[in-house]
Amino acid sequence: MLIDGCVVALAWWLAFVLRFDSGVPDRYRTLLWGTILFVVPAKLIVFALFRMYHKLWRFVDQKDFEAIFQAVAICTAGLVVALFLFTPGGTDPPRGVIALDFLLTLAGVGGTRFLVRTMLVERSFRAALGPKDAGEVLVVGAGNGGQLVASELRRNPELRQVVIGFVDDDPRKQGMRVAGIKVLGRTDELAEVLDVSDPDEVIIAIPSAPGELRQRVVSACRERGIPVRTLPTVFEILRGGVNLMRQVREVRVEDVLGREPVRMEIDRLGRYLADETVLVTGAGGSIGAELCRQIARVGPRELILVDNSENSLFEIRRELADGRHFNRARAVLADCKDATRMRELFIELRPTVVFHAAAYKHVPLMEENPIEAVRNNAVATRLVAAAAGESGVARFVLVSTDKAVSPATVMGASKTLAEWAVEAAQHRFPATRYTTVRFGNVLGSSGSVVPIFRRQIAEGGPVTVTDPAMTRYFMTIPEAVQLIIRSGDLGKGGEVYVLEMGEPVKIIELAENMIRLSGQEPGMDIAIEIVGRRPGEKLHEELFNADERPMPTPAEKIVAASRPPLEPDWVEEAFSRVEELVYHGKPDELAKTVASLARERGLAPSLSARHSV
């Protein structure tokens, strides 16, 4: 305030001096000294009302300069009114003095702040690091994200990095300076820019950048041995806090899949869960845990976490309480295969919305344990769906998989049975809205190929691929959970929803990308070994059965699988046969029965050689 007071007084005096070339006339000199003790405190009061003294000058930004302009303009308007109404001695001030005072005050008040910011931030940063110590960073994207990265690096000398240039595709920015840093070219010129500038690191500062662009950047940098990191998505920032540079992370495989990720406003689309009692089975698993995280954001009355793994259940409850400060979670250690326990649980806790994510998912392991696969994935789903209907649950959502389409493995067949169980439950309990959500492989889940490849790469290889032609659909865990939550509100009862997942990804290309992302070259540093398909493994997964037709829905990138309705009595009879074989432990007969049931539905399965018919 002292500095601003001096600036305001100097501006008022200079306005008179500059207005009169041959000296200030006596009558205006009287006006000058008679009003200066009123002008200075009045302007400082207005500045304070605009909160100009609530921020350190080294952190001023565009918003602060806008506030300065508004405050000075209001001061000038008020000054005009006051002087022309209450001028001492009846001497009106010249209009030129008013205009000069406005310009000089604006330049002085804004200029001092800009000068301090420049000296304390820019110069001290460069002096502290020096050109030899600073790591040179090239930023891809000169928009808000890129400017945030540049600003953060300036403000934090301990990071010991300096931005040497931007790369951006906006034609208006080419050759221009953004935040004082030059735009060196477009992304399709990245190779040339890298050769000329030779940065120590590249940061992708476009959170919404498509996978194709990320892949192009990564490839160009890997060829030159330059490490690449990327700005987190808005979703990741909200999950992890607001320290931007600590969250700049290595480029991950999901960043280069070549498909635009599905993004939904979970706070709005999940609003139907607010003030509801929500139950999640398999709450400690990869999908179940992410469901719990996102549901907690929308404020349910109570979140019931059900899992039969003590450690997983403990971890997700602790994360919700300690990391997210959500204290309305109840952890229930229970097995979904226990019919009595499920009924007791639903009667006691009275959930209104259920997300059934509990399932076995490892295909080879399920081939070796078909009884448990069907018991856990199919029979348990039927039991939980029945308990939900009997207790009056409003919504029930089953998490399914594309392996339930024309099932070729025990795991896929068990999920097909689970879908049938949910459809039959809709007929038995029409007051409950049952919905099935079907999607492809989930990156990073416990059943995904990605952790396997990552471990093999860490061990030096080889990376094992079953068939060079094999393709799979992929999505991230947050995408899958957004779809699940959105579908819970979308369904009216009995629907099967599927995400439009774009083009399938070749597994061998996925393996090659992961090897390159680790800083190595496939075939040279890490070998890729073709091991042959496992029993029942399909080359290409499907999202719809032969008797299903994709139908549009009001939700973007979500389609419904329209199919002929099942006869509830047929499903009941089918499960009676299946459950009898499960409880008597007859895997061979179980495989034959499941295959027979699938053929009756026209799914034409081809179960594995181990359990073939």
# chains A, B, ... in the order shown; residues from 1 in each chain; ligands from 1

$ residues_around --residues "Cys6 of chain A" --least-positions-apart "5" --cutoff "9 Å" --atoms "only C-alpha atoms" --output "list in words"
Met1, Ala11 and Val40 of chain A

$ write_last_selection --atoms "N, CA and C atoms" --output "PDB file, in the first residue's frame"
ATOM      1  N   MET A   1       0.838  -1.205   0.000  1.00  0.00           N
ATOM      2  CA  MET A   1       0.000   0.000   0.000  1.00  0.00           C
ATOM      3  C   MET A   1       0.871   1.252   0.000  1.00  0.00           C
ATOM      4  N   ALA A  11       1.709   9.993  -9.818  1.00  0.00           N
ATOM      5  CA  ALA A  11       0.895  10.089 -11.034  1.00  0.00           C
ATOM      6  C   ALA A  11       0.043  11.366 -11.027  1.00  0.00           C
ATOM      7  N   VAL A  40      -5.093  10.316  -2.858  1.00  0.00           N
ATOM      8  CA  VAL A  40      -4.285   9.128  -2.544  1.00  0.00           C
ATOM      9  C   VAL A  40      -5.040   8.131  -1.666  1.00  0.00           C
TER      10      VAL A  40
END

$ select_by_dssp --residues "segment 387-416 of chain A" --states "strand (DSSP E or B)" --output "count of residues only"
5

$ select_by_dssp --residues "segment 30-163 of chain A" --states "alpha helix (DSSP H)" --output "ChimeraX atom specification"
/A:30-49,62-86,95-117,124-133,144-155

$ atom_distance --atom1 "atom CA of Phe346 of chain A" --atom2 "atom CA of Lys415 of chain A"
22.9 Å

$ residues_around --residues "Ser518 of chain A" --least-positions-apart "2" --cutoff "9 Å" --atoms "only C-alpha atoms" --output "PyMOL selection string"
chain A and resi 454+457-458+513-516+520-521

$ residues_around --residues "Cys336 of chain A" --least-positions-apart "2" --cutoff "7 Å" --atoms "only C-alpha atoms" --output "CSV table (one decimal) with C-alpha atoms, in the first residue's frame"
chain,number,residue,atom,x,y,z
A,334,ALA,CA,-18.8,-62.0,2.7
A,338,ASP,CA,-23.3,-68.1,0.1
A,342,MET,CA,-26.5,-62.7,0.8
A,380,ALA,CA,-23.4,-66.5,-7.3
A,384,VAL,CA,-27.2,-62.0,-5.5

$ residues_around --residues "Ala99 of chain A" --least-positions-apart "6" --cutoff "12 Å" --atoms "only C-alpha atoms" --output "list in words"
Ala11, Trp12, Leu14, Ala15, Phe16, Leu18, Arg19, Val72, Ala73, Cys75, Thr76, Ala77, Leu79, Val80, Pro93, Thr105 and Leu106 of chain A

$ atom_distance --atom1 "atom CA of Leu231 of chain A" --atom2 "atom CA of Ile181 of chain A"
18.5 Å

$ closest_residue --among "A:Gly389, A:Val397, A:Arg428, A:Val410" --to "Leu365 of chain A" --atoms "only C-alpha atoms"
A:Val410

$ atom_distance --atom1 "atom CA of Asp64 of chain A" --atom2 "atom CA of Val162 of chain A"
25.0 Å

$ residues_around --residues "Val405 of chain A" --least-positions-apart "2" --cutoff "9 Å" --atoms "only C-alpha atoms" --output "number ranges by chain"
A: 401-403, 407-408, 412-413, 415-416, 541-546, 603, 605

$ write_last_selection --atoms "N, CA and C atoms" --output "compact mmCIF listing (two decimals), in the first residue's frame"
# COMPACT_ATOMS: atom_id res chain seq x y z
N THR A 401 -18.70 -59.15 -19.69
CA THR A 401 -17.49 -59.09 -20.51
C THR A 401 -17.80 -59.52 -21.94
N ASP A 402 -16.95 -59.09 -22.88
CA ASP A 402 -17.15 -59.52 -24.26
C ASP A 402 -16.89 -61.01 -24.44
N LYS A 403 -16.27 -61.65 -23.46
CA LYS A 403 -16.04 -63.10 -23.54
C LYS A 403 -17.33 -63.89 -23.38
N PRO A 407 -19.34 -67.77 -26.40
CA PRO A 407 -18.27 -68.17 -25.47
C PRO A 407 -17.47 -69.36 -25.98
N ALA A 408 -16.15 -69.23 -25.84
CA ALA A 408 -15.26 -70.30 -26.27
C ALA A 408 -14.45 -70.85 -25.10
N GLY A 412 -15.88 -67.48 -20.24
CA GLY A 412 -16.87 -66.82 -21.06
C GLY A 412 -18.25 -67.42 -20.90
N ALA A 413 -18.31 -68.76 -20.85
CA ALA A 413 -19.60 -69.44 -20.68
C ALA A 413 -20.22 -69.09 -19.33
N LYS A 415 -19.93 -66.31 -17.71
CA LYS A 415 -20.49 -64.96 -17.78
C LYS A 415 -21.74 -64.92 -18.65
N THR A 416 -21.81 -65.80 -19.65
CA THR A 416 -23.05 -65.91 -20.42
C THR A 416 -24.19 -66.34 -19.51
N GLU A 541 -12.16 -61.01 -30.51
CA GLU A 541 -13.32 -60.97 -29.64
C GLU A 541 -14.46 -60.21 -30.33
N GLU A 542 -15.69 -60.52 -29.91
CA GLU A 542 -16.86 -59.85 -30.45
C GLU A 542 -17.59 -59.17 -29.31
N LEU A 543 -18.42 -58.20 -29.66
CA LEU A 543 -19.20 -57.48 -28.65
C LEU A 543 -20.68 -57.84 -28.70
N PHE A 544 -21.12 -58.50 -29.78
CA PHE A 544 -22.54 -58.85 -29.93
C PHE A 544 -22.67 -60.29 -30.40
N ASN A 545 -23.63 -61.00 -29.86
CA ASN A 545 -23.95 -62.35 -30.33
C ASN A 545 -24.64 -62.27 -31.67
N ALA A 546 -24.76 -63.44 -32.30
CA ALA A 546 -25.36 -63.49 -33.64
C ALA A 546 -26.83 -63.05 -33.63
N LEU A 603 -25.84 -69.79 -29.77
CA LEU A 603 -24.56 -69.11 -29.60
C LEU A 603 -23.42 -69.89 -30.21
N PRO A 605 -21.13 -72.22 -29.25
CA PRO A 605 -19.83 -72.07 -28.61
C PRO A 605 -18.84 -73.12 -29.07

$ decode --residues "segment 351-372 of chain A" --atoms "N, CA and C atoms" --output "PDB file, in the first residue's frame"
ATOM      1  N   PRO A 351     -29.818 -52.134   0.751  1.00  0.00           N
ATOM      2  CA  PRO A 351     -29.278 -51.287  -0.328  1.00  0.00           C
ATOM      3  C   PRO A 351     -30.366 -50.975  -1.351  1.00  0.00           C
ATOM      4  N   THR A 352     -30.244 -49.828  -1.989  1.00  0.00           N
ATOM      5  CA  THR A 352     -31.201 -49.446  -3.032  1.00  0.00           C
ATOM      6  C   THR A 352     -30.609 -49.592  -4.434  1.00  0.00           C
ATOM      7  N   VAL A 353     -29.270 -49.587  -4.528  1.00  0.00           N
ATOM      8  CA  VAL A 353     -28.586 -49.769  -5.813  1.00  0.00           C
ATOM      9  C   VAL A 353     -27.461 -50.775  -5.604  1.00  0.00           C
ATOM     10  N   VAL A 354     -27.345 -51.741  -6.530  1.00  0.00           N
ATOM     11  CA  VAL A 354     -26.318 -52.782  -6.424  1.00  0.00           C
ATOM     12  C   VAL A 354     -25.499 -52.824  -7.713  1.00  0.00           C
ATOM     13  N   PHE A 355     -24.184 -52.825  -7.560  1.00  0.00           N
ATOM     14  CA  PHE A 355     -23.266 -53.053  -8.683  1.00  0.00           C
ATOM     15  C   PHE A 355     -22.554 -54.368  -8.408  1.00  0.00           C
ATOM     16  N   HIS A 356     -22.842 -55.385  -9.238  1.00  0.00           N
ATOM     17  CA  HIS A 356     -22.285 -56.718  -9.018  1.00  0.00           C
ATOM     18  C   HIS A 356     -21.044 -56.885  -9.889  1.00  0.00           C
ATOM     19  N   ALA A 357     -19.868 -56.632  -9.279  1.00  0.00           N
ATOM     20  CA  ALA A 357     -18.604 -56.708 -10.014  1.00  0.00           C
ATOM     21  C   ALA A 357     -17.775 -57.914  -9.611  1.00  0.00           C
ATOM     22  N   ALA A 358     -18.234 -58.682  -8.629  1.00  0.00           N
ATOM     23  CA  ALA A 358     -17.471 -59.841  -8.164  1.00  0.00           C
ATOM     24  C   ALA A 358     -17.460 -60.923  -9.234  1.00  0.00           C
ATOM     25  N   ALA A 359     -16.274 -61.363  -9.616  1.00  0.00           N
ATOM     26  CA  ALA A 359     -16.161 -62.418 -10.639  1.00  0.00           C
ATOM     27  C   ALA A 359     -14.724 -62.906 -10.711  1.00  0.00           C
ATOM     28  N   TYR A 360     -14.564 -64.169 -11.119  1.00  0.00           N
ATOM     29  CA  TYR A 360     -13.255 -64.690 -11.501  1.00  0.00           C
ATOM     30  C   TYR A 360     -13.038 -64.331 -12.960  1.00  0.00           C
ATOM     31  N   LYS A 361     -11.816 -63.924 -13.317  1.00  0.00           N
ATOM     32  CA  LYS A 361     -11.609 -63.412 -14.675  1.00  0.00           C
ATOM     33  C   LYS A 361     -10.431 -64.014 -15.423  1.00  0.00           C
ATOM     34  N   HIS A 362      -9.529 -64.750 -14.733  1.00  0.00           N
ATOM     35  CA  HIS A 362      -8.358 -65.303 -15.418  1.00  0.00           C
ATOM     36  C   HIS A 362      -8.758 -66.533 -16.238  1.00  0.00           C
ATOM     37  N   VAL A 363      -8.703 -66.389 -17.548  1.00  0.00           N
ATOM     38  CA  VAL A 363      -9.212 -67.429 -18.438  1.00  0.00           C
ATOM     39  C   VAL A 363      -8.505 -68.777 -18.248  1.00  0.00           C
ATOM     40  N   PRO A 364      -7.163 -68.856 -18.283  1.00  0.00           N
ATOM     41  CA  PRO A 364      -6.512 -70.171 -18.132  1.00  0.00           C
ATOM     42  C   PRO A 364      -6.824 -70.823 -16.786  1.00  0.00           C
ATOM     43  N   LEU A 365      -6.869 -70.017 -15.736  1.00  0.00           N
ATOM     44  CA  LEU A 365      -7.148 -70.559 -14.405  1.00  0.00           C
ATOM     45  C   LEU A 365      -8.565 -71.115 -14.325  1.00  0.00           C
ATOM     46  N   MET A 366      -9.484 -70.434 -14.989  1.00  0.00           N
ATOM     47  CA  MET A 366     -10.870 -70.914 -14.981  1.00  0.00           C
ATOM     48  C   MET A 366     -11.023 -72.199 -15.801  1.00  0.00           C
ATOM     49  N   GLU A 367     -10.185 -72.336 -16.828  1.00  0.00           N
ATOM     50  CA  GLU A 367     -10.194 -73.583 -17.597  1.00  0.00           C
ATOM     51  C   GLU A 367      -9.810 -74.766 -16.701  1.00  0.00           C
ATOM     52  N   GLU A 368      -8.905 -74.517 -15.767  1.00  0.00           N
ATOM     53  CA  GLU A 368      -8.456 -75.579 -14.877  1.00  0.00           C
ATOM     54  C   GLU A 368      -9.419 -75.796 -13.709  1.00  0.00           C
ATOM     55  N   ASN A 369     -10.281 -74.802 -13.452  1.00  0.00           N
ATOM     56  CA  ASN A 369     -11.215 -74.890 -12.327  1.00  0.00           C
ATOM     57  C   ASN A 369     -12.633 -74.531 -12.788  1.00  0.00           C
ATOM     58  N   PRO A 370     -13.200 -75.330 -13.678  1.00  0.00           N
ATOM     59  CA  PRO A 370     -14.503 -74.965 -14.258  1.00  0.00           C
ATOM     60  C   PRO A 370     -15.629 -74.925 -13.235  1.00  0.00           C
ATOM     61  N   ILE A 371     -15.589 -75.811 -12.246  1.00  0.00           N
ATOM     62  CA  ILE A 371     -16.658 -75.835 -11.243  1.00  0.00           C
ATOM     63  C   ILE A 371     -16.715 -74.500 -10.502  1.00  0.00           C
ATOM     64  N   GLU A 372     -15.547 -74.036 -10.039  1.00  0.00           N
ATOM     65  CA  GLU A 372     -15.516 -72.776  -9.306  1.00  0.00           C
ATOM     66  C   GLU A 372     -15.843 -71.598 -10.207  1.00  0.00           C
TER      67      GLU A 372
END
